[in-house]
Amino acid sequence: MVNYEKELNTEQLQVVMANDGPILVIAGAGSGKTRTITYRVARLIETNVAPECILLATFTNKAAREMLGRVEMLIGVDISRLLGGTFHHIANRILRRKSHLLGYENNYSIMDSEDSRQLINACISELGFKDKFEKFPKGNVVGDIISFSVNTEDSIDEVLARRHPYFYGLINEIAEVASRYRIRKKELNMMDFDDLLLNLRRLLVSNPPVLKEYSERFSHVLVDEYQDTNVIQAEILDLLASHHRNLMVVGDDSQSIYSFRGANFANIIRFPERYPDAKVFKLETNYRSTPEILNLANMSIVNNEKQFQKELRAVRAGGIRPILVPAMHVIQQANFVTQRILELIAEGIPLNEIAVLYRAHYHSMELQMELTRRGIPFEIRSGIRFFEQAHIKDVTSFMRIMVNPFDELAWKRLLMLYRNVGRVSANRIWKFVSAETDPLSVVASDNFLKCAAKTAAPGLRKFRETIENINYLSNKKSPLEIIEIVLESGYRQYLEGKYTDIESREEDLNQLGNFSEKFNSIEDFLGELALLTNIAAEEDRIYYTDRRDEDRVILSTIHQAKGLEWLSVFMIWCSDGMIPLARALKDPDGEEEERRLFYVAATRAKDQLYFCYPMLNYARGMGNTALSPSRFIEELNPSSFGATERPYDQWIVNDDSNSWG
DNA sequence: ATACGATTTTTTTTT
DNA sequence: AAAATCGTAT
């Protein structure tokens, strides 16, 4: 038996022991939110709730896995039947069994953002808008507009007016693209990320027996990071919990930072209105940060108008005040951070207890160079995702056409890998093979070689060879085997010709192969692929060939740092225009959201917090421009304050060590 | 007409 | 770093 009284504080214990019924938990940063949910799940199971009757919605799949792992450790019960993960994962799990009710094949594939961008671009070309208009928005921009409109349930009209007034004149055309995109997805039996949510809601709303089945099954629904849910996700939860009404949502409105994808913290603010009988708990004791860090974070967030009243109390002993470090320019900023990291290492702080946070991926460029130069190992948690890298998508495309021979996007991607096969030939070949009942077997025919230009024939022959190797003896090959075959049949040479870092790319493919072994079938594997971000974050039990230097400094966007903590946190590019990001301020609620982002970054730090910004920045076309410190820092230091009242100290770096600037 | 390589532009955040 | 664009070669 777990000793709940001993392992939890009073606030947490009340939540864990609360009776059935709707529950809202407002949990400040570092207040033991994850711990509370974990113990609540353990408690439910100890009181004889079957694991398969519990639903746990989290922000990342990793978070779910970690919590469930801890539950198993606590109570020693097998809970593999408990459904937990992101909304997209949960939706996928349910739709795999039920999507035929909505007119999909159950083997639908999930599009990642690249797939979706390409398909939208195709729609734009097919409709002739690319030639007709001087400046028609690109696929990714149209994709953002469509997605935002779906996730907020605002019309395309409203989205354009609010976020892209520049394209307002093209409203009809954009709506036409959106509708064509929707039709094409359906024809291809594909769902994008938004479709997973939309279709789950539609399934539950339009099929009473399905709603009955799941709402009766899930006697307890628990949700983490509720402040970052959107309307559709909130409705899905309401539906799934509609029978038993045991819905527990946990979140912190001050940490709502995903409004760009439709998250609306009105969900958490209005929860008591939707569930008038909801019990409301607050976790306000912060175990993570020193009072100095917390003081700064609290002083910052009170500048937001829209928020729940709450007060985070520190329990830790006093430490040092956060430190503001103006640097001359970007290079000096990188030098300072690197220098300070070396000092921290010398003081005995482990590398993985140090993080550098920033607003946008490209803010880390100079620092990466400097860390590399000084030989400090680091891990980047930003930028392109593992499964979206070209070589990963190339190889998995072979698997995709094996599983679904009518996967147009995969076919075209593969064909264009070969010499003298471009967009036009790939289209022609696709038209030819997709007209057949078995597109894969026509690859062997003579006509296959002839349906494109003569110059393309050698490449197509090579493609045919690879397909034949994969289908050799008509054995169904595992992902691992397919990767090996693809590499052996010429892809390795292709990589060598195209990239400079082939070793690491081949290593990626090996990792992909190992990772695929965790799945029961190639279909399962492909089905989940698009929902994963990177292997390291998703699967920590994977075997790395080399774990020697797993101790690394973390470089991450603020968004990806959510929920994590480090002893020392550096926040770089703290200049106005970068945080808040100038572009984000176009939205009327942008400034408050950016302040929440600043708050999230600051509350990641346990002991030490550094804000750095360059005073001069070289911008293309404008030469050197002067930058001011972020308004979020300025507002902490009103002129009425003396130096001791200020929540931070300031350091002057004198750096004459380089002549680059 | 098509493919490809060189050049230029462009980066918010993510399932 | 990656994608879009442009010019040249086949």
# chains A, B, ... in the order shown; residues from 1 in each chain; ligands from 1
$ residues_around --residues "DG7 (chain C)" --least-positions-apart "6" --cutoff "12 Å" --atoms "only C-alpha atoms (C1' of nucleotides)" --output "ChimeraX atom specification"
/B:4-7
$ select_by_dssp --residues "region 94-141 of chain A" --states "helix (DSSP H, G or I)" --output "PyMOL selection string"
chain A and resi 94-102+113-126+129-132+139-141
$ write_last_selection --atoms "N, CA and C atoms" --output "JSON list (two decimals), in the first residue's frame"
[["chain", "number", "residue", "atom", "x", "y", "z"],
["A", 94, "ILE", "N", -8.74, 5.18, -31.07],
["A", 94, "ILE", "CA", -10.16, 4.92, -31.21],
["A", 94, "ILE", "C", -10.57, 4.84, -32.68],
["A", 95, "LEU", "N", -10.01, 5.76, -33.49],
["A", 95, "LEU", "CA", -10.42, 5.80, -34.90],
["A", 95, "LEU", "C", -9.93, 4.59, -35.69],
["A", 96, "ARG", "N", -8.82, 3.99, -35.28],
["A", 96, "ARG", "CA", -8.35, 2.79, -35.97],
["A", 96, "ARG", "C", -9.42, 1.70, -35.96],
["A", 97, "ARG", "N", -10.25, 1.71, -34.95],
["A", 97, "ARG", "CA", -11.28, 0.68, -34.84],
["A", 97, "ARG", "C", -12.61, 1.15, -35.42],
["A", 98, "LYS", "N", -12.81, 2.47, -35.46],
["A", 98, "LYS", "CA", -14.16, 2.95, -35.76],
["A", 98, "LYS", "C", -14.28, 3.85, -36.99],
["A", 99, "SER", "N", -13.17, 4.16, -37.65],
["A", 99, "SER", "CA", -13.27, 5.21, -38.66],
["A", 99, "SER", "C", -14.10, 4.78, -39.87],
["A", 100, "HIS", "N", -14.33, 3.46, -40.03],
["A", 100, "HIS", "CA", -15.20, 3.04, -41.13],
["A", 100, "HIS", "C", -16.60, 3.64, -40.98],
["A", 101, "LEU", "N", -16.98, 3.93, -39.74],
["A", 101, "LEU", "CA", -18.30, 4.53, -39.51],
["A", 101, "LEU", "C", -18.38, 5.94, -40.07],
["A", 102, "LEU", "N", -17.20, 6.53, -40.33],
["A", 102, "LEU", "CA", -17.17, 7.89, -40.89],
["A", 102, "LEU", "C", -16.81, 7.88, -42.37],
["A", 113, "SER", "N", 3.21, 17.37, -41.18],
["A", 113, "SER", "CA", 3.04, 18.72, -41.74],
["A", 113, "SER", "C", 3.62, 18.84, -43.15],
["A", 114, "GLU", "N", 4.66, 18.05, -43.45],
["A", 114, "GLU", "CA", 5.20, 18.13, -44.80],
["A", 114, "GLU", "C", 4.21, 17.57, -45.81],
["A", 115, "ASP", "N", 3.62, 16.42, -45.50],
["A", 115, "ASP", "CA", 2.61, 15.84, -46.38],
["A", 115, "ASP", "C", 1.51, 16.85, -46.63],
["A", 116, "SER", "N", 1.07, 17.47, -45.56],
["A", 116, "SER", "CA", -0.06, 18.36, -45.68],
["A", 116, "SER", "C", 0.31, 19.60, -46.50],
["A", 117, "ARG", "N", 1.53, 20.10, -46.29],
["A", 117, "ARG", "CA", 1.97, 21.26, -47.07],
["A", 117, "ARG", "C", 2.01, 20.91, -48.57],
["A", 118, "GLN", "N", 2.54, 19.73, -48.86],
["A", 118, "GLN", "CA", 2.64, 19.33, -50.27],
["A", 118, "GLN", "C", 1.28, 19.19, -50.92],
["A", 119, "LEU", "N", 0.37, 18.58, -50.19],
["A", 119, "LEU", "CA", -0.96, 18.38, -50.77],
["A", 119, "LEU", "C", -1.65, 19.72, -50.99],
["A", 120, "ILE", "N", -1.48, 20.64, -50.07],
["A", 120, "ILE", "CA", -2.08, 21.96, -50.25],
["A", 120, "ILE", "C", -1.45, 22.68, -51.44],
["A", 121, "ASN", "N", -0.13, 22.58, -51.55],
["A", 121, "ASN", "CA", 0.52, 23.17, -52.72],
["A", 121, "ASN", "C", -0.02, 22.59, -54.01],
["A", 122, "ALA", "N", -0.24, 21.28, -54.02],
["A", 122, "ALA", "CA", -0.81, 20.64, -55.20],
["A", 122, "ALA", "C", -2.19, 21.21, -55.50],
["A", 123, "CYS", "N", -2.99, 21.39, -54.47],
["A", 123, "CYS", "CA", -4.33, 21.96, -54.66],
["A", 123, "CYS", "C", -4.24, 23.37, -55.24],
["A", 124, "ILE", "N", -3.32, 24.16, -54.73],
["A", 124, "ILE", "CA", -3.17, 25.53, -55.23],
["A", 124, "ILE", "C", -2.81, 25.52, -56.71],
["A", 125, "SER", "N", -1.88, 24.64, -57.10],
["A", 125, "SER", "CA", -1.50, 24.57, -58.51],
["A", 125, "SER", "C", -2.65, 24.08, -59.36],
["A", 126, "GLU", "N", -3.32, 23.02, -58.90],
["A", 126, "GLU", "CA", -4.41, 22.45, -59.68],
["A", 126, "GLU", "C", -5.53, 23.47, -59.92],
["A", 129, "PHE", "N", -4.21, 28.87, -59.09],
["A", 129, "PHE", "CA", -4.02, 30.13, -58.37],
["A", 129, "PHE", "C", -2.57, 30.58, -58.37],
["A", 130, "LYS", "N", -1.68, 29.64, -58.59],
["A", 130, "LYS", "CA", -0.27, 29.98, -58.53],
["A", 130, "LYS", "C", 0.10, 30.92, -59.69],
["A", 131, "ASP", "N", -0.47, 30.64, -60.87],
["A", 131, "ASP", "CA", -0.16, 31.46, -62.04],
["A", 131, "ASP", "C", -1.03, 32.71, -62.07],
["A", 132, "LYS", "N", -2.24, 32.57, -61.54],
["A", 132, "LYS", "CA", -3.22, 33.63, -61.67],
["A", 132, "LYS", "C", -2.90, 34.83, -60.77],
["A", 139, "GLY", "N", 1.90, 26.93, -49.48],
["A", 139, "GLY", "CA", 1.20, 25.82, -48.85],
["A", 139, "GLY", "C", 1.21, 25.86, -47.33],
["A", 140, "ASN", "N", 2.37, 26.16, -46.74],
["A", 140, "ASN", "CA", 2.41, 26.12, -45.28],
["A", 140, "ASN", "C", 1.58, 27.24, -44.66],
["A", 141, "VAL", "N", 1.55, 28.40, -45.34],
["A", 141, "VAL", "CA", 0.76, 29.52, -44.82],
["A", 141, "VAL", "C", -0.73, 29.18, -44.92]]
$ atom_distance --atom1 "CA of Ile79 (chain A)" --atom2 "CA of Ser219 (chain A)"
15.3 Å
$ residues_around --residues "region 10-13 of chain B" --least-positions-apart "2" --cutoff "12 Å" --atoms "only C-alpha atoms (C1' of nucleotides)" --output "PDB file with N, CA and C atoms (P, O5', C5', C4', C3', O3' and C1' of nucleotides), in the first residue's frame"
ATOM      1  N   SER A 256      -0.368  28.934 -20.298  1.00  0.00           N
ATOM      2  CA  SER A 256      -1.008  28.640 -21.573  1.00  0.00           C
ATOM      3  C   SER A 256      -0.220  29.301 -22.696  1.00  0.00           C
ATOM      4  N   ILE A 257       0.451  28.496 -23.506  1.00  0.00           N
ATOM      5  CA  ILE A 257       1.363  29.059 -24.515  1.00  0.00           C
ATOM      6  C   ILE A 257       1.142  28.457 -25.895  1.00  0.00           C
ATOM      7  N   TYR A 258      -0.011  27.859 -26.123  1.00  0.00           N
ATOM      8  CA  TYR A 258      -0.241  27.233 -27.422  1.00  0.00           C
ATOM      9  C   TYR A 258      -1.451  27.798 -28.159  1.00  0.00           C
ATOM     10  N   SER A 259      -1.741  29.077 -27.946  1.00  0.00           N
ATOM     11  CA  SER A 259      -2.916  29.634 -28.617  1.00  0.00           C
ATOM     12  C   SER A 259      -2.753  29.617 -30.128  1.00  0.00           C
ATOM     13  N   PHE A 260      -1.515  29.571 -30.615  1.00  0.00           N
ATOM     14  CA  PHE A 260      -1.318  29.546 -32.069  1.00  0.00           C
ATOM     15  C   PHE A 260      -1.880  28.286 -32.699  1.00  0.00           C
ATOM     16  N   ARG A 261      -2.085  27.266 -31.897  1.00  0.00           N
ATOM     17  CA  ARG A 261      -2.733  26.106 -32.500  1.00  0.00           C
ATOM     18  C   ARG A 261      -4.123  25.907 -31.917  1.00  0.00           C
ATOM     19  N   TYR A 358      15.235  29.577 -25.619  1.00  0.00           N
ATOM     20  CA  TYR A 358      15.068  30.685 -26.553  1.00  0.00           C
ATOM     21  C   TYR A 358      13.704  30.604 -27.221  1.00  0.00           C
ATOM     22  N   ARG A 359      13.319  31.686 -27.892  1.00  0.00           N
ATOM     23  CA  ARG A 359      11.985  31.808 -28.446  1.00  0.00           C
ATOM     24  C   ARG A 359      11.831  31.066 -29.764  1.00  0.00           C
ATOM     25  N   ALA A 360      12.857  31.082 -30.586  1.00  0.00           N
ATOM     26  CA  ALA A 360      12.747  30.468 -31.910  1.00  0.00           C
ATOM     27  C   ALA A 360      14.000  29.644 -32.216  1.00  0.00           C
ATOM     28  N   HIS A 361      13.832  28.590 -32.991  1.00  0.00           N
ATOM     29  CA  HIS A 361      14.936  27.676 -33.292  1.00  0.00           C
ATOM     30  C   HIS A 361      16.216  28.399 -33.683  1.00  0.00           C
ATOM     31  N   TYR A 362      16.078  29.349 -34.604  1.00  0.00           N
ATOM     32  CA  TYR A 362      17.296  29.917 -35.182  1.00  0.00           C
ATOM     33  C   TYR A 362      18.053  30.808 -34.203  1.00  0.00           C
ATOM     34  N   HIS A 363      17.475  31.074 -33.044  1.00  0.00           N
ATOM     35  CA  HIS A 363      18.188  31.847 -32.033  1.00  0.00           C
ATOM     36  C   HIS A 363      19.386  31.105 -31.461  1.00  0.00           C
ATOM     37  N   SER A 382      15.062  21.221 -30.559  1.00  0.00           N
ATOM     38  CA  SER A 382      14.270  22.132 -31.379  1.00  0.00           C
ATOM     39  C   SER A 382      14.661  21.883 -32.822  1.00  0.00           C
ATOM     40  N   GLY A 383      14.017  22.550 -33.731  1.00  0.00           N
ATOM     41  CA  GLY A 383      14.335  22.357 -35.131  1.00  0.00           C
ATOM     42  C   GLY A 383      13.587  21.166 -35.688  1.00  0.00           C
ATOM     43  N   SER A 556      16.926  24.370 -26.009  1.00  0.00           N
ATOM     44  CA  SER A 556      15.522  24.089 -26.296  1.00  0.00           C
ATOM     45  C   SER A 556      14.728  25.368 -26.521  1.00  0.00           C
ATOM     46  N   THR A 557      13.679  25.249 -27.297  1.00  0.00           N
ATOM     47  CA  THR A 557      12.742  26.367 -27.354  1.00  0.00           C
ATOM     48  C   THR A 557      11.980  26.385 -26.035  1.00  0.00           C
ATOM     49  N   ILE A 558      11.412  27.537 -25.715  1.00  0.00           N
ATOM     50  CA  ILE A 558      10.653  27.632 -24.467  1.00  0.00           C
ATOM     51  C   ILE A 558       9.471  26.668 -24.524  1.00  0.00           C
ATOM     52  N   HIS A 559       8.845  26.574 -25.691  1.00  0.00           N
ATOM     53  CA  HIS A 559       7.690  25.685 -25.808  1.00  0.00           C
ATOM     54  C   HIS A 559       8.036  24.249 -25.420  1.00  0.00           C
ATOM     55  N   GLN A 560       9.185  23.792 -25.897  1.00  0.00           N
ATOM     56  CA  GLN A 560       9.529  22.402 -25.618  1.00  0.00           C
ATOM     57  C   GLN A 560      10.035  22.195 -24.208  1.00  0.00           C
ATOM     58  N   ALA A 561      10.282  23.300 -23.495  1.00  0.00           N
ATOM     59  CA  ALA A 561      10.809  23.175 -22.136  1.00  0.00           C
ATOM     60  C   ALA A 561       9.688  23.032 -21.122  1.00  0.00           C
ATOM     61  N   LYS A 562       8.473  23.161 -21.590  1.00  0.00           N
ATOM     62  CA  LYS A 562       7.321  23.089 -20.691  1.00  0.00           C
ATOM     63  C   LYS A 562       7.357  21.826 -19.845  1.00  0.00           C
ATOM     64  N   GLY A 577      11.264  42.397 -29.202  1.00  0.00           N
ATOM     65  CA  GLY A 577      11.170  42.014 -30.607  1.00  0.00           C
ATOM     66  C   GLY A 577      11.474  40.534 -30.775  1.00  0.00           C
ATOM     67  N   MET A 578      12.228  39.982 -29.810  1.00  0.00           N
ATOM     68  CA  MET A 578      12.529  38.547 -29.823  1.00  0.00           C
ATOM     69  C   MET A 578      11.662  37.838 -28.784  1.00  0.00           C
ATOM     70  N   ILE A 579      11.590  38.392 -27.568  1.00  0.00           N
ATOM     71  CA  ILE A 579      10.597  37.973 -26.579  1.00  0.00           C
ATOM     72  C   ILE A 579      10.106  39.249 -25.917  1.00  0.00           C
ATOM     73  N   PRO A 580       8.966  39.799 -26.137  1.00  0.00           N
ATOM     74  CA  PRO A 580       7.983  39.256 -27.071  1.00  0.00           C
ATOM     75  C   PRO A 580       8.482  39.337 -28.522  1.00  0.00           C
ATOM     76  N   LEU A 581       8.127  38.351 -29.267  1.00  0.00           N
ATOM     77  CA  LEU A 581       8.473  38.337 -30.670  1.00  0.00           C
ATOM     78  C   LEU A 581       7.583  39.338 -31.403  1.00  0.00           C
ATOM     79  N   ALA A 582       8.238  40.189 -32.204  1.00  0.00           N
ATOM     80  CA  ALA A 582       7.485  41.260 -32.869  1.00  0.00           C
ATOM     81  C   ALA A 582       6.273  40.710 -33.627  1.00  0.00           C
ATOM     82  N   ARG A 583       6.481  39.597 -34.317  1.00  0.00           N
ATOM     83  CA  ARG A 583       5.383  39.053 -35.132  1.00  0.00           C
ATOM     84  C   ARG A 583       4.188  38.616 -34.293  1.00  0.00           C
ATOM     85  N   ALA A 584       4.476  38.144 -33.092  1.00  0.00           N
ATOM     86  CA  ALA A 584       3.405  37.640 -32.240  1.00  0.00           C
ATOM     87  C   ALA A 584       2.539  38.779 -31.722  1.00  0.00           C
ATOM     88  N   LEU A 585       3.085  39.997 -31.704  1.00  0.00           N
ATOM     89  CA  LEU A 585       2.338  41.122 -31.143  1.00  0.00           C
ATOM     90  C   LEU A 585       1.235  41.604 -32.068  1.00  0.00           C
ATOM     91  N   GLY A 590      -1.530  38.805 -28.187  1.00  0.00           N
ATOM     92  CA  GLY A 590      -0.157  38.324 -28.337  1.00  0.00           C
ATOM     93  C   GLY A 590       0.744  38.667 -27.170  1.00  0.00           C
ATOM     94  N   GLU A 593       0.270  36.460 -24.149  1.00  0.00           N
ATOM     95  CA  GLU A 593       0.759  35.100 -24.393  1.00  0.00           C
ATOM     96  C   GLU A 593       2.281  35.061 -24.324  1.00  0.00           C
ATOM     97  N   GLU A 594       2.927  36.081 -24.886  1.00  0.00           N
ATOM     98  CA  GLU A 594       4.387  36.121 -24.839  1.00  0.00           C
ATOM     99  C   GLU A 594       4.877  36.260 -23.403  1.00  0.00           C
ATOM    100  N   LEU A 597       4.899  33.023 -21.875  1.00  0.00           N
ATOM    101  CA  LEU A 597       6.057  32.279 -22.362  1.00  0.00           C
ATOM    102  C   LEU A 597       7.291  32.639 -21.526  1.00  0.00           C
ATOM    103  N   ARG A 620      19.900  41.666 -41.872  1.00  0.00           N
ATOM    104  CA  ARG A 620      20.106  41.790 -43.316  1.00  0.00           C
ATOM    105  C   ARG A 620      19.306  42.979 -43.882  1.00  0.00           C
TER     106      ARG A 620
ATOM    107  P    DT B   8      22.807  35.213 -55.611  1.00  0.00           P
ATOM    108  O5'  DT B   8      21.381  35.138 -54.910  1.00  0.00           O
ATOM    109  C5'  DT B   8      20.205  35.274 -55.724  1.00  0.00           C
ATOM    110  C4'  DT B   8      18.992  35.044 -54.872  1.00  0.00           C
ATOM    111  C3'  DT B   8      18.987  35.898 -53.591  1.00  0.00           C
ATOM    112  O3'  DT B   8      17.756  36.587 -53.529  1.00  0.00           O
ATOM    113  C1'  DT B   8      18.578  33.620 -53.083  1.00  0.00           C
TER     114       DT B   8
ATOM    115  P    DA C   1      23.538  24.770 -40.915  1.00  0.00           P
ATOM    116  O5'  DA C   1      22.126  24.392 -40.242  1.00  0.00           O
ATOM    117  C5'  DA C   1      21.611  23.108 -40.384  1.00  0.00           C
ATOM    118  C4'  DA C   1      20.209  23.247 -40.949  1.00  0.00           C
ATOM    119  C3'  DA C   1      20.036  22.415 -42.209  1.00  0.00           C
ATOM    120  O3'  DA C   1      18.824  21.695 -42.060  1.00  0.00           O
ATOM    121  C1'  DA C   1      19.428  24.685 -42.642  1.00  0.00           C
ATOM    122  P    DA C   2      18.369  20.700 -43.153  1.00  0.00           P
ATOM    123  O5'  DA C   2      17.295  21.579 -43.937  1.00  0.00           O
ATOM    124  C5'  DA C   2      16.223  22.137 -43.179  1.00  0.00           C
ATOM    125  C4'  DA C   2      15.297  22.859 -44.117  1.00  0.00           C
ATOM    126  C3'  DA C   2      14.989  22.078 -45.389  1.00  0.00           C
ATOM    127  O3'  DA C   2      13.613  22.196 -45.633  1.00  0.00           O
ATOM    128  C1'  DA C   2      15.866  24.195 -45.935  1.00  0.00           C
ATOM    129  P    DA C   3      12.916  21.436 -46.819  1.00  0.00           P
ATOM    130  O5'  DA C   3      12.297  22.673 -47.602  1.00  0.00           O
ATOM    131  C5'  DA C   3      11.575  23.659 -46.872  1.00  0.00           C
ATOM    132  C4'  DA C   3      11.436  24.885 -47.737  1.00  0.00           C
ATOM    133  C3'  DA C   3      10.848  24.584 -49.113  1.00  0.00           C
ATOM    134  O3'  DA C   3       9.911  25.592 -49.417  1.00  0.00           O
ATOM    135  C1'  DA C   3      12.898  25.723 -49.342  1.00  0.00           C
ATOM    136  P    DA C   4       8.870  25.336 -50.578  1.00  0.00           P
ATOM    137  O5'  DA C   4       9.103  26.626 -51.493  1.00  0.00           O
ATOM    138  C5'  DA C   4       9.197  27.909 -50.879  1.00  0.00           C
ATOM    139  C4'  DA C   4       9.940  28.839 -51.813  1.00  0.00           C
ATOM    140  C3'  DA C   4       9.443  28.781 -53.259  1.00  0.00           C
ATOM    141  O3'  DA C   4       9.198  30.106 -53.699  1.00  0.00           O
ATOM    142  C1'  DA C   4      11.802  28.517 -53.174  1.00  0.00           C
TER     143       DA C   4
END
$ select_by_dssp --residues "region 204-263 of chain A" --states "strand (DSSP E or B)" --output "list in words"
His220, Val221, Leu222, Val223, Leu247, Met248, Val249, Val250 and Gly251 of chain A
$ write_last_selection --atoms "N, CA and C atoms" --output "mmCIF file, in the first residue's frame"
data_model
loop_
_atom_site.group_PDB
_atom_site.id
_atom_site.type_symbol
_atom_site.label_atom_id
_atom_site.label_comp_id
_atom_site.auth_asym_id
_atom_site.auth_seq_id
_atom_site.Cartn_x
_atom_site.Cartn_y
_atom_site.Cartn_z
ATOM 1 N N HIS A 220 -13.140 7.103 -15.385
ATOM 2 C CA HIS A 220 -12.337 8.212 -14.851
ATOM 3 C C HIS A 220 -11.473 8.808 -15.963
ATOM 4 N N VAL A 221 -11.665 10.099 -16.195
ATOM 5 C CA VAL A 221 -10.892 10.785 -17.227
ATOM 6 C C VAL A 221 -10.025 11.838 -16.550
ATOM 7 N N LEU A 222 -8.695 11.749 -16.761
ATOM 8 C CA LEU A 222 -7.776 12.716 -16.152
ATOM 9 C C LEU A 222 -7.029 13.462 -17.251
ATOM 10 N N VAL A 223 -6.886 14.759 -17.095
ATOM 11 C CA VAL A 223 -6.266 15.564 -18.143
ATOM 12 C C VAL A 223 -5.184 16.468 -17.560
ATOM 13 N N LEU A 247 -14.450 13.707 -14.355
ATOM 14 C CA LEU A 247 -13.463 14.381 -15.197
ATOM 15 C C LEU A 247 -12.587 15.242 -14.303
ATOM 16 N N MET A 248 -11.314 14.929 -14.284
ATOM 17 C CA MET A 248 -10.391 15.761 -13.499
ATOM 18 C C MET A 248 -9.444 16.481 -14.442
ATOM 19 N N VAL A 249 -9.475 17.796 -14.435
ATOM 20 C CA VAL A 249 -8.573 18.550 -15.309
ATOM 21 C C VAL A 249 -7.579 19.326 -14.452
ATOM 22 N N VAL A 250 -6.327 19.294 -14.895
ATOM 23 C CA VAL A 250 -5.253 19.935 -14.149
ATOM 24 C C VAL A 250 -4.540 20.903 -15.075
ATOM 25 N N GLY A 251 -4.294 22.106 -14.609
ATOM 26 C CA GLY A 251 -3.587 23.034 -15.480
ATOM 27 C C GLY A 251 -3.245 24.320 -14.764
#
$ closest_residue --among "A:Tyr472, A:Tyr618, A:Tyr418, A:Tyr226" --to "chain B" --atoms "only C-alpha atoms (C1' of nucleotides)"
A:Tyr418
$ decode --residues "chain C" --atoms "N, CA and C atoms (P, O5', C5', C4', C3', O3' and C1' of nucleotides)" --output "tab-separated table (two decimals), in the first residue's frame"
chain	number	residue	atom	x	y	z
C	1	DA	P	23.54	24.77	-40.92
C	1	DA	O5'	22.13	24.39	-40.24
C	1	DA	C5'	21.61	23.11	-40.38
C	1	DA	C4'	20.21	23.25	-40.95
C	1	DA	C3'	20.04	22.41	-42.21
C	1	DA	O3'	18.82	21.69	-42.06
C	1	DA	C1'	19.43	24.69	-42.64
C	2	DA	P	18.37	20.70	-43.15
C	2	DA	O5'	17.29	21.58	-43.94
C	2	DA	C5'	16.22	22.14	-43.18
C	2	DA	C4'	15.30	22.86	-44.12
C	2	DA	C3'	14.99	22.08	-45.39
C	2	DA	O3'	13.61	22.20	-45.63
C	2	DA	C1'	15.87	24.20	-45.93
C	3	DA	P	12.92	21.44	-46.82
C	3	DA	O5'	12.30	22.67	-47.60
C	3	DA	C5'	11.57	23.66	-46.87
C	3	DA	C4'	11.44	24.88	-47.74
C	3	DA	C3'	10.85	24.58	-49.11
C	3	DA	O3'	9.91	25.59	-49.42
C	3	DA	C1'	12.90	25.72	-49.34
C	4	DA	P	8.87	25.34	-50.58
C	4	DA	O5'	9.10	26.63	-51.49
C	4	DA	C5'	9.20	27.91	-50.88
C	4	DA	C4'	9.94	28.84	-51.81
C	4	DA	C3'	9.44	28.78	-53.26
C	4	DA	O3'	9.20	30.11	-53.70
C	4	DA	C1'	11.80	28.52	-53.17
C	5	DT	P	8.60	30.39	-55.15
C	5	DT	O5'	9.88	30.89	-55.94
C	5	DT	C5'	10.78	31.82	-55.32
C	5	DT	C4'	11.96	32.06	-56.27
C	5	DT	C3'	11.57	32.09	-57.76
C	5	DT	O3'	12.09	33.28	-58.33
C	5	DT	C1'	13.41	30.63	-57.39
C	6	DC	P	11.82	33.67	-59.83
C	6	DC	O5'	13.25	33.36	-60.46
C	6	DC	C5'	14.44	33.80	-59.79
C	6	DC	C4'	15.65	33.30	-60.59
C	6	DC	C3'	15.45	33.35	-62.11
C	6	DC	O3'	16.58	33.97	-62.70
C	6	DC	C1'	16.08	31.17	-61.43
C	7	DG	P	16.59	34.32	-64.26
C	7	DG	O5'	17.71	33.34	-64.81
C	7	DG	C5'	18.98	33.32	-64.16
C	7	DG	C4'	19.75	32.10	-64.63
C	7	DG	C3'	19.83	31.97	-66.15
C	7	DG	O3'	21.18	31.64	-66.48
C	7	DG	C1'	18.95	29.98	-65.20
C	8	DT	P	21.61	31.59	-68.00
C	8	DT	O5'	21.98	30.05	-68.14
C	8	DT	C5'	22.88	29.45	-67.20
C	8	DT	C4'	22.85	27.95	-67.38
C	8	DT	C3'	23.09	27.48	-68.82
C	8	DT	O3'	24.05	26.44	-68.77
C	8	DT	C1'	21.16	26.46	-67.93
C	9	DA	P	24.72	25.97	-70.10
C	9	DA	O5'	24.41	24.41	-70.06
C	9	DA	C5'	24.67	23.66	-68.89
C	9	DA	C4'	23.97	22.32	-69.01
C	9	DA	C3'	24.17	21.63	-70.36
C	9	DA	O3'	24.45	20.26	-70.11
C	9	DA	C1'	21.86	21.89	-69.93
C	10	DT	P	24.91	19.31	-71.27
C	10	DT	O5'	23.61	18.47	-71.56
C	10	DT	C5'	23.10	17.61	-70.53
C	10	DT	C4'	21.72	17.16	-70.94
C	10	DT	C3'	21.69	16.48	-72.31
C	10	DT	O3'	21.28	15.12	-72.11
C	10	DT	C1'	19.89	17.99	-72.02
